[in-house]
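**Q** Provided herewith is a single structure, encoded as structure tokens, for subsequent inquiry.
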Amino acid sequence: MLAGCLDRNGGHIDPTTVELSTGSGTASSTSSSGSSGPGIMTTTVDPGGSDGDSGSTGDPTPAPCGNGKIDVPEQCDQGDANGDDRECTSSCRWNICGDGLLEAGDEVCDDGKGKNGTYGHCGKYCMDFSPHCGDGMLQAAHGEVCDDTNPMYGCLPDCTPATSCLDIRTGWGDAAQTGLFSIRREDRQVTVWCDMQADGGGYTLKYASGTQVPNPPEPDKFIGEPLTAAQAEEKCASWGLRLFSPRTQQHLRAAVTAASAAEFAPVHATGDYPAGVAADSNAAGYLSIMGIYPVTPGLSCESKPLNSEDCPQWAAKPDPQDPDVVMPYWVTDKIFLGQPDTGNCAGCSLLYDWNLQVQPPVLTGYFAFNMMTGASSPHFLCEVGDKLGPPEG
């Protein structure tokens with residue numbers, strides 16, 4: 001009786017218990033088949049009242065980043081204000097220097113841990129840039145040969161020196177406009193005129209002269225020394241250049257414009273002319289001889305337009321660096337009766353006449369004569385010759 005009073009079910013069988021088996025008999029309870037003593041809950045009972053899905057772990061699903069609440073393992077969550085360029089990133093991590101993400105308004109740059117603070121990358125604290133090509137400081141230890149962001153000084157964006165106007169045009173694009181530039185030729189700086197419009201831009205022209213300084217020297221006085229085309233070629237070669245030969249109509253027009261410009265005077269053997277010295281800076285002086293020669297002495301294309309299509313009997317001298325490349329030329333599409341005649345010699349250039357009363361000057365004629373040397377001039381143009389004509393396509 002005492003046991004019955006103490007039983008929570010008032011002496012009735014606890015539905016959560018099972019009776020021990022007596023051997024071959026069966027248990028009298030319909031509860032779980034787990035073997036236990038009276039009053040002990042079996043392990044198969046689900047006290048949480050689940051739906052019976054035995055695969056569930058019962059762990060709650062993590063809240064998504066961007067809900068505006070910080071949920072482990074998030075460091076931050078500013079909701080719609082999250083972003084890889086914001087204080088809290090799109091992955092709910094603080095945007096810090098070294099994570100490779102640029103925080104707008106706070107960081108100048110961020111190339112990531114291991115790169116920040118090294119040459120060519122962001123600074124250590126993301127507030128400035130490390131030494132790099134384009135900072136105006138020469139870092140020779142990192143392979144820089146030059147460092148200047150002004151195209152006129154002939155330093156390319158990769159901190160290597162330009163060797164032609166075509167290099168400058170290719171490297172700087174529209175930032176380089178027609179005018180005077182400095183390029184590197186034969187291990188020295190050379191001042192040249194770059195035409196950045198004709199045929200897509202990139203023609204290199206250098207005013208040259210056979211003039212010499214008197215001995216003893218006298219201020220503002222120079223002695224004119226006419227040179228033949230062959231001699232002019234040698235003078236041009238001293239700069240790593242060649243005697244000018246026009247490739248196209250636009251190229252010739254660019255050379256005429258350059259030869260008529262007052263910004264660039266010719267040079268003598270020791271360097272540029274002093275400022276203020278009057279010089280023969282016009283087409284008549286600089287374009288009276290050009291690098292176009294007879295293919296076979298004594299043969300010509302009389303009364304034919306002087307260009308490589310109509311007059312193959314004359315040709316531009318091959319580039320010694322690329323002797324197999326055919327260099328087109330274009331002087332005119334007009335006919336001058338009887339010219340160029342057969343009175344020519346190997347290595348002899350034609351003598352070109354220009355009307356200087358109009359601007360730009362206009363070609364009025366040309367003629368060939370032998371005299372064993374051909375035409376000569378104290379002034380002429382040199383060029384690089386790396387641009388063959390208009391761009392392909």
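Ordered as shown in the structure tokens, chains take letters A, B, and onward, while each chain numbers its residues from 1 and ligands are numbered from 1 in the order shown.
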Taking only residues of stretch 109-215 of chain A that have an atom at most 9 Å from an atom of stretch 234-245 of chain A, what is each one's shortest atom pair and its distance in Å to one decimal, using only C-alpha atoms, in chain and number order, as CSV?
**A**
residue,atom,partner,partner_atom,distance
A:Arg185,CA,A:Gly240,CA,5.8
A:Glu186,CA,A:Gly240,CA,5.8
A:Arg188,CA,A:Trp239,CA,8.4
A:Val190,CA,A:Trp239,CA,7.6
A:Leu205,CA,A:Phe244,CA,7.7
A:Lys206,CA,A:Leu241,CA,8.6
A:Ala208,CA,A:Cys236,CA,7.5
A:Ser209,CA,A:Lys235,CA,8.4
A:Gly210,CA,A:Lys235,CA,8.1
**Q** As a list in words, please: all residues of stretch 108-191 of chain A that backbone DSSP puts in strand (DSSP E or B).
**A**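 In stretch 108-191 of chain A, DSSP puts these residues in strand (DSSP E or B): Cys122, Phe129, Cys155, Pro161, Gly179, Leu180, Phe181, Ser182, Ile183, Arg184, Arg185, Arg188, Gln189, Val190 and Thr191 of chain A.
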**Q** Could the residues in this selection be written to a file with C-alpha atoms, as a compact mmCIF listing (two decimals), in the first residue's frame?
**A**
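Once written, result-v8.txt looks like this:
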# COMPACT_ATOMS: atom_id res chain seq x y z
CA CYS A 122 50.31 49.72 -53.08
CA PHE A 129 51.86 53.85 -53.58
CA CYS A 155 60.31 57.74 -71.88
CA PRO A 161 63.41 54.78 -73.73
CA GLY A 179 56.00 68.37 -82.26
CA LEU A 180 59.51 68.02 -80.85
CA PHE A 181 60.47 64.91 -78.88
CA SER A 182 63.60 63.31 -77.55
CA ILE A 183 64.35 59.70 -78.51
CA ARG A 184 67.24 57.33 -77.85
CA ARG A 185 69.45 56.46 -80.79
CA ARG A 188 72.40 59.03 -76.92
CA GLN A 189 69.40 61.33 -76.86
CA VAL A 190 68.41 62.86 -80.19
CA THR A 191 65.85 65.64 -80.72
**Q** Point out the residue among A:Ser349, A:Thr163, A:Gln197, A:Asn355 with the least atom-to-atom distance to A:Asp386, counting only C-alpha atoms.
**A** A:Thr163
**Q** Could you pull out all residues of stretch 181-353 of chain A with a DSSP call of helix (DSSP H, G or I) and give them as a PyMOL selection string?
**A** chain A and resi 198-200+229-237+249-259+283-286
**Q** May I ask for the distance between atom CA of A:Gly365 and atom CA of A:Gly285, given in Å to one decimal place?
**A**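 Between these atoms lies a distance of 14.7 Å.
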**Q** Need to verify the contact set: stretch 331-344 of chain A, 8 Å, only C-alpha atoms, exclusion of same-chain residues closer than 5 positions in sequence. Can you return it as a VMD selection string?
**A** chain A and resid 246 248 to 249 252 294 297 to 307 350 365 to 370 374
**Q** Out of A:Thr228, A:Thr149, A:Ser164, A:Thr178, which residue has the shortest atom-to-atom distance to A:Phe380 when counting only C-alpha atoms?
**A**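 Of the candidates, the smallest distance to A:Phe380 is held by A:Thr228.
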**Q** From the options A:Gly79, A:Pro312, A:Gly100, A:Gly134, which residue's atoms come nearest to A:Asp147, counting only C-alpha atoms?
**A** A:Gly134
**Q** Suppose you want the space between atom CA of A:Asp99 and atom CA of A:Lys113; what is it in Å?
**A**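 Interatomic distance here is 6.4 Å.
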**Q** Show me, as a ChimeraX atom specification, the residues that have an atom within 12 Å of A:Lys115 when counting only C-alpha atoms, minus same-chain residues fewer than 2 positions from it.
**A** /A:97-100,109-113,117-126,129-130
**Q** Excluding A:Ile168 and its own-chain neighbours fewer than 3 positions away, which residues fall within 9 Å of it when counting only C-alpha atoms? Please give them as a ChimeraX atom specification.
**A** /A:151-152,154-156,162-165,171-173,176,183,194,202
**Q** Dump C-alpha atoms for the selected residues as a compact mmCIF listing (two decimals), in the first residue's frame?
**A**
# COMPACT_ATOMS: atom_id res chain seq x y z
CA PRO A 151 55.92 61.96 -73.63
CA MET A 152 58.15 64.67 -75.13
CA GLY A 154 60.85 59.97 -74.89
CA CYS A 155 60.31 57.74 -71.88
CA LEU A 156 57.66 55.09 -72.48
CA ALA A 162 61.62 55.32 -77.03
CA THR A 163 63.77 54.77 -80.11
CA SER A 164 61.29 56.30 -82.55
CA CYS A 165 58.14 58.40 -82.76
CA GLY A 171 53.02 53.83 -75.93
CA TRP A 172 51.29 57.13 -75.20
CA GLY A 173 48.52 57.29 -77.81
CA ALA A 176 51.55 62.55 -77.66
CA ILE A 183 64.35 59.70 -78.51
CA CYS A 194 57.26 63.50 -84.49
CA GLY A 202 54.43 57.80 -85.68
**Q** Please measure the separation of atom CA of A:Ala316 and atom CA of A:Ala230, giving the value in Å to one decimal.
**A**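 Calculated distance between atom CA of A:Ala316 and atom CA of A:Ala230 is 12.9 Å.
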